[in-house]
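Q: Following this message is one structure expressed as structure tokens.
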Amino acid sequence: MKKVIATDKAPAAVGAYSQAIQYNGFLFSSGQIPIDPATGNIVTGDIKEQATQVMKNLEAILAEAGTDFSAVVKTTIFLNDINDFGAVNEVYQSFFTGAFPARSCFEVANLPKGVGLEIEVIAAL
């Protein structure tokens, strides 16, 4: 059975999507951008600050589903500038322990609200 996962500790969905869906033993998150859920404002600092906020948003969604980054099996990272890969990777890897999940990373032409990155995850529950 499909279950919607929603928490006020991550940015609210602003369109026709859910923060995450739990289904058949997996959690599928929507892409998270660097919005501070406490203020609703975009984090406008450097790419590391933006990446940290994105990972905190994902952490909150995972927690709402009763899990954490150790359950993540796949991530997809969308970057506005592929030259930010190293800085984003530094922040990203600090949220994981043990084996890292499979990952794809792409440079894209534009991201919502002009942010520098968006990340989505799939976790096994």
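The way I read the labels, and the way they are meant: chains A, B, ... in the order of the structure tokens, residue 1 as the first residue of every chain, and ligand 1 as the first ligand shown, with later ones counted on from there.
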Find the nearest atom pair between each residue of stretch 38-74 of chain A and stretch 12-34 of chain A for residues within 9 Å, count only C-alpha atoms, give distances in Å to one decimal, sort rows by chain and ascending number, and present the table as a tab-separated table.

A:
residue	atom	partner	partner_atom	distance
A:Gly40	CA	A:Ala12	CA	8.7
A:Asn41	CA	A:Pro34	CA	8.5
A:Ile42	CA	A:Pro34	CA	5.7
A:Val43	CA	A:Pro34	CA	5.5
A:Thr44	CA	A:Pro34	CA	8.2
A:Glu49	CA	A:Pro34	CA	8.4
A:Gln50	CA	A:Pro34	CA	5.1
A:Ala51	CA	A:Pro34	CA	6.9
A:Thr52	CA	A:Pro34	CA	8.0
A:Gln53	CA	A:Pro34	CA	5.1
A:Val54	CA	A:Pro34	CA	4.8
A:Met55	CA	A:Gln32	CA	8.2
A:Asn57	CA	A:Gln32	CA	6.8
A:Leu58	CA	A:Gln32	CA	6.9
A:Ile61	CA	A:Ala20	CA	7.2
A:Leu62	CA	A:Leu27	CA	8.1
A:Ala65	CA	A:Gln22	CA	7.7
A:Val72	CA	A:Leu27	CA	8.7

Q: Pick out the residues sitting within 7 Å of stretch 99-112 of chain A, and hand them over as a PyMOL selection string; count only C-alpha atoms, and ignore anything fewer than 6 positions along from it in its own chain.

A: chain A and resi 72-82

Q: Step one, run DSSP on the backbone; step two, keep only residues of chain A assigned to helix (DSSP H, G or I); then write them as a PyMOL selection string.

A: chain A and resi 47-64+69-71+82-93+112-114

Q: Of the candidates A:Leu125, A:Ala71, A:Ala38, A:Val115, which one gets nearest to A:Glu59 if we count only C-alpha atoms?

A: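 Closest to A:Glu59, using only C-alpha atoms: A:Ala71.
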
Q: Quick one: DSSP strand (DSSP E) residues in chain A, as number ranges by chain?

A: A: 3-5, 20-23, 26-29, 72-79, 102-107, 117-124

Q: Show me, as JSON, numbers by chain, the residues that have an atom within 8 Å of A:Ser70 when counting only C-alpha atoms, minus same-chain residues fewer than 3 positions from it.

A: {"A": [67, 96, 97, 98]}

Q: Put those residues in a file: N, CA, C and O atoms, as a PDB file, in the first residue's frame.

A:
ATOM      1  N   THR A  67      13.541   6.050   9.363  1.00  0.00           N
ATOM      2  CA  THR A  67      14.839   5.548   8.937  1.00  0.00           C
ATOM      3  C   THR A  67      15.855   6.679   8.874  1.00  0.00           C
ATOM      4  O   THR A  67      15.600   7.778   9.362  1.00  0.00           O
ATOM      5  N   PHE A  96      26.778  10.179   5.382  1.00  0.00           N
ATOM      6  CA  PHE A  96      26.724   8.722   5.271  1.00  0.00           C
ATOM      7  C   PHE A  96      27.833   8.080   6.082  1.00  0.00           C
ATOM      8  O   PHE A  96      28.914   8.645   6.226  1.00  0.00           O
ATOM      9  N   THR A  97      27.556   6.887   6.585  1.00  0.00           N
ATOM     10  CA  THR A  97      28.576   6.051   7.202  1.00  0.00           C
ATOM     11  C   THR A  97      28.473   4.685   6.533  1.00  0.00           C
ATOM     12  O   THR A  97      27.402   4.279   6.080  1.00  0.00           O
ATOM     13  N   GLY A  98      29.566   3.977   6.463  1.00  0.00           N
ATOM     14  CA  GLY A  98      29.541   2.670   5.816  1.00  0.00           C
ATOM     15  C   GLY A  98      29.501   2.810   4.304  1.00  0.00           C
ATOM     16  O   GLY A  98      30.015   3.776   3.734  1.00  0.00           O
TER      17      GLY A  98
END

Q: Determine the nearest neighbour of A:Gly66 from the options A:Thr39, A:Phe95, A:Asp8, A:Ala123, counting only C-alpha atoms.

A: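 Using only C-alpha atoms, the shortest distance to A:Gly66 belongs to A:Ala123.
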
Q: Just the number, please: distance in Å from atom CA of A:Tyr92 to atom CA of A:Val4, one decimal.

A: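 It comes out at 25.1 Å.
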